[in-house]
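Have a look at the structure below, then the notes.
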Amino acid sequence: MKAVVKLGGALFKRDPDVNELRAMGKTLAGFVGEGNQLVAVAGGGQNARVYIDAARKLGADESTCDLLGIGVTRANADLLRLALGGVAFAKIPTLLSELNQYTSAGRAVVLGGLQPGQSTNAVAALSAEITRADFLVNATDVSGVYTADPKKDPKAKLLRSVSVEKLLSWALAGNVYAGKYELLDPLALKIMQRARIPTRFVSLEDPSNITSALRGREIGTLVSYS
Ligand code: UTP
């Protein structure tokens, strides 16, 4: 199968946790070893936020802050590429148009951000569209999509499925600032909607959640399309 996996910033700590990265790399490399195609997208995490905050305090405009964020996501992509070992393509694509060429080499391809004004979730959706992926797994620091922010509201309930329209209405109510995307940015959702990309949100705490979702297990939250 052809898969795209978005690895949320929570995997990329301020001080990178090598054991966590190694465990993720091993699980994903196992999936590739079974003959599957994998594109993995690395989020920016805390380091992206720290750099963006510092740049903003130094007077940077939002596009410049985004470019700094992209730089950090690419550094994270390099760590993940190293954790994947020999199954990973040696270069991090910086253009969407490079992706099909790199995946055709039969290796897992890891990338970070592409251009300002979006998040790595948009990169993941575009990657899934252009590679005609069978499935997109979005792995974050929570178990899926909740009725409210589970870190702030103890009554928040995990949704087994959620429509792309609902996600869009939430995303459009949010702000579009560097380093400040909440769950998904509108562009990511628009791409998912137009390409009707089968997508599931899971927790990245246990790497096997990702491979379970790719194998069809009903964990986390499935996105539905009308
Ligand atoms: P993300 O917002 O995607 O990483 O990228 P994150 O905050 O770690 O998000 P999760 O946890 O994975 O959901 C970090 C920042 O890099 C810039 C944006 O400023 C973004 O907030 N970026 C990233 C871009 O401008 N363009 C891209 O294509 C990707």
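Residue numbering restarts at 1 for every chain of the structure tokens, chains are lettered A, B, ... in their displayed order, and ligands are numbered from 1 as they appear.
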
Do you have, as a Markdown table, the list of residues of chain A lying at most 8 Å from ligand 1, each with its nearest atom pair and that distance in Å to one decimal, counting only C-alpha atoms and all ligand atoms and ordered by chain then number?
```
| residue | atom | partner | partner_atom_place_in_ligand_line | distance |
| --- | --- | --- | --- | --- |
| A:Lys6 | CA | ligand 1 | 12 (O) | 7.4 |
| A:Leu7 | CA | ligand 1 | 12 (O) | 6.2 |
| A:Gly8 | CA | ligand 1 | 12 (O) | 3.3 |
| A:Gly9 | CA | ligand 1 | 8 (O) | 3.2 |
| A:Ala10 | CA | ligand 1 | 11 (O) | 5.8 |
| A:Phe12 | CA | ligand 1 | 8 (O) | 7.8 |
| A:Ala42 | CA | ligand 1 | 12 (O) | 6.9 |
| A:Gly43 | CA | ligand 1 | 12 (O) | 3.7 |
| A:Gly44 | CA | ligand 1 | 8 (O) | 3.6 |
| A:Gly45 | CA | ligand 1 | 8 (O) | 3.3 |
| A:Gln46 | CA | ligand 1 | 8 (O) | 6.6 |
| A:Ala48 | CA | ligand 1 | 14 (C) | 5.5 |
| A:Arg49 | CA | ligand 1 | 7 (O) | 6.8 |
| A:Ile52 | CA | ligand 1 | 19 (O) | 7.3 |
| A:Glu62 | CA | ligand 1 | 19 (O) | 7.8 |
| A:Ser63 | CA | ligand 1 | 25 (O) | 7.1 |
| A:Cys65 | CA | ligand 1 | 19 (O) | 6.1 |
| A:Asp66 | CA | ligand 1 | 19 (O) | 3.7 |
| A:Leu67 | CA | ligand 1 | 25 (O) | 5.8 |
| A:Leu68 | CA | ligand 1 | 16 (O) | 6.9 |
| A:Gly69 | CA | ligand 1 | 16 (O) | 3.4 |
| A:Ile70 | CA | ligand 1 | 16 (O) | 4.5 |
| A:Gly71 | CA | ligand 1 | 16 (O) | 7.7 |
| A:Val72 | CA | ligand 1 | 16 (O) | 7.3 |
| A:Thr73 | CA | ligand 1 | 5 (O) | 6.3 |
| A:Gly112 | CA | ligand 1 | 29 (C) | 6.5 |
| A:Gly113 | CA | ligand 1 | 29 (C) | 3.4 |
| A:Leu114 | CA | ligand 1 | 28 (O) | 3.9 |
| A:Gln115 | CA | ligand 1 | 26 (N) | 4.4 |
| A:Pro116 | CA | ligand 1 | 25 (O) | 3.4 |
| A:Gly117 | CA | ligand 1 | 25 (O) | 4.9 |
| A:Gln118 | CA | ligand 1 | 26 (N) | 4.5 |
| A:Ser119 | CA | ligand 1 | 3 (O) | 3.8 |
| A:Thr120 | CA | ligand 1 | 3 (O) | 3.6 |
| A:Asn121 | CA | ligand 1 | 3 (O) | 5.8 |
| A:Ala122 | CA | ligand 1 | 28 (O) | 6.7 |
| A:Val123 | CA | ligand 1 | 28 (O) | 5.6 |
| A:Thr140 | CA | ligand 1 | 11 (O) | 6.5 |
| A:Asp141 | CA | ligand 1 | 11 (O) | 7.6 |
| A:Tyr177 | CA | ligand 1 | 19 (O) | 6.7 |
| A:Ala178 | CA | ligand 1 | 19 (O) | 3.3 |
| A:Gly179 | CA | ligand 1 | 21 (O) | 3.0 |
| A:Lys180 | CA | ligand 1 | 21 (O) | 5.4 |
| A:Tyr181 | CA | ligand 1 | 2 (O) | 5.5 |
| A:Glu182 | CA | ligand 1 | 13 (O) | 7.0 |
| A:Leu183 | CA | ligand 1 | 13 (O) | 6.3 |
| A:Leu184 | CA | ligand 1 | 13 (O) | 7.1 |
```

Next item on the list: Please provide the set of residues having any atom within 8 Å of region 26-35 of chain A, restricted to only C-alpha atoms, with same-chain residues fewer than 2 positions apart removed, written as JSON, numbers by chain.
Entry: {"A": [1, 22, 23, 24, 37, 38, 83, 84, 85, 87, 107, 108, 207, 208, 211]}

Item checked: Who sits within 9 Å of region 149-160 of chain A, only C-alpha atoms, same chain under 6 positions skipped, as a list in words -> Val142, Ser143, Glu218, Ile219, Gly220, Thr221, Leu222 and Val223 of chain A

Item checked: Residue with smallest distance to Ala75 (chain A) - pool A:Ala55, A:Val41, A:Met192, A:Val137, counting only C-alpha atoms -> A:Val41

Margin query: If DSSP is run on the backbone, what residues of region 16-192 of chain A are helix (DSSP H, G or I)? A reply as a PyMOL selection string would be ideal.
Written below: chain A and resi 18-33+45-57+62-87+96-103+120-130+164-172+186-192

Notebook entry, point to check: CA of Ala188 (chain A) and CA of Ala148 (chain A), how far apart in Å?
Noted result: 20.0 Å

Margin query: Which residues are close to Lys91 (chain A), i.e. within 9 Å by only C-alpha atoms, leaving aside same-chain residues fewer than 3 positions away? Reply as an MDAnalysis selection string.
Written below: chainID A and resid 78 81 88 102 109:111

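Proximity to Phe89 (chain A) was assessed for A:Pro198, A:Gly106, A:Pro16, A:Pro186 counting only C-alpha atoms; the smallest distance is recorded for A:Gly106.
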
Item checked: Between CA of Ser203 (chain A) and CA of Leu11 (chain A), distance in Å (one decimal) ->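 For CA of Ser203 (chain A) relative to CA of Leu11 (chain A), the distance reads 10.5 Å.
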
Next item on the list: For CA of Phe135 (chain A) and CA of Asn19 (chain A), quote the distance in Å rounded to one decimal.
Entry: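 Taking CA of Phe135 (chain A) and CA of Asn19 (chain A), their separation equals 26.7 Å.
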
Item checked: Residues of chain A in strand (DSSP E or B), written as a VMD selection string -> chain A and resid 2 to 7 37 to 42 88 108 to 111 135 to 140 146 158 161 to 163 199 to 203 221 to 224

Next item on the list: Would you kindly return, as an NGL selection string, each protein, DNA or RNA residue with an atom no farther than 9 Å from any atom of Ala128 (chain A), considering only C-alpha atoms and excluding same-chain residues fewer than 3 positions away?
Entry: :A and (2-5 or 39 or 123-125 or 131-136 or 192 or 195 or 197)
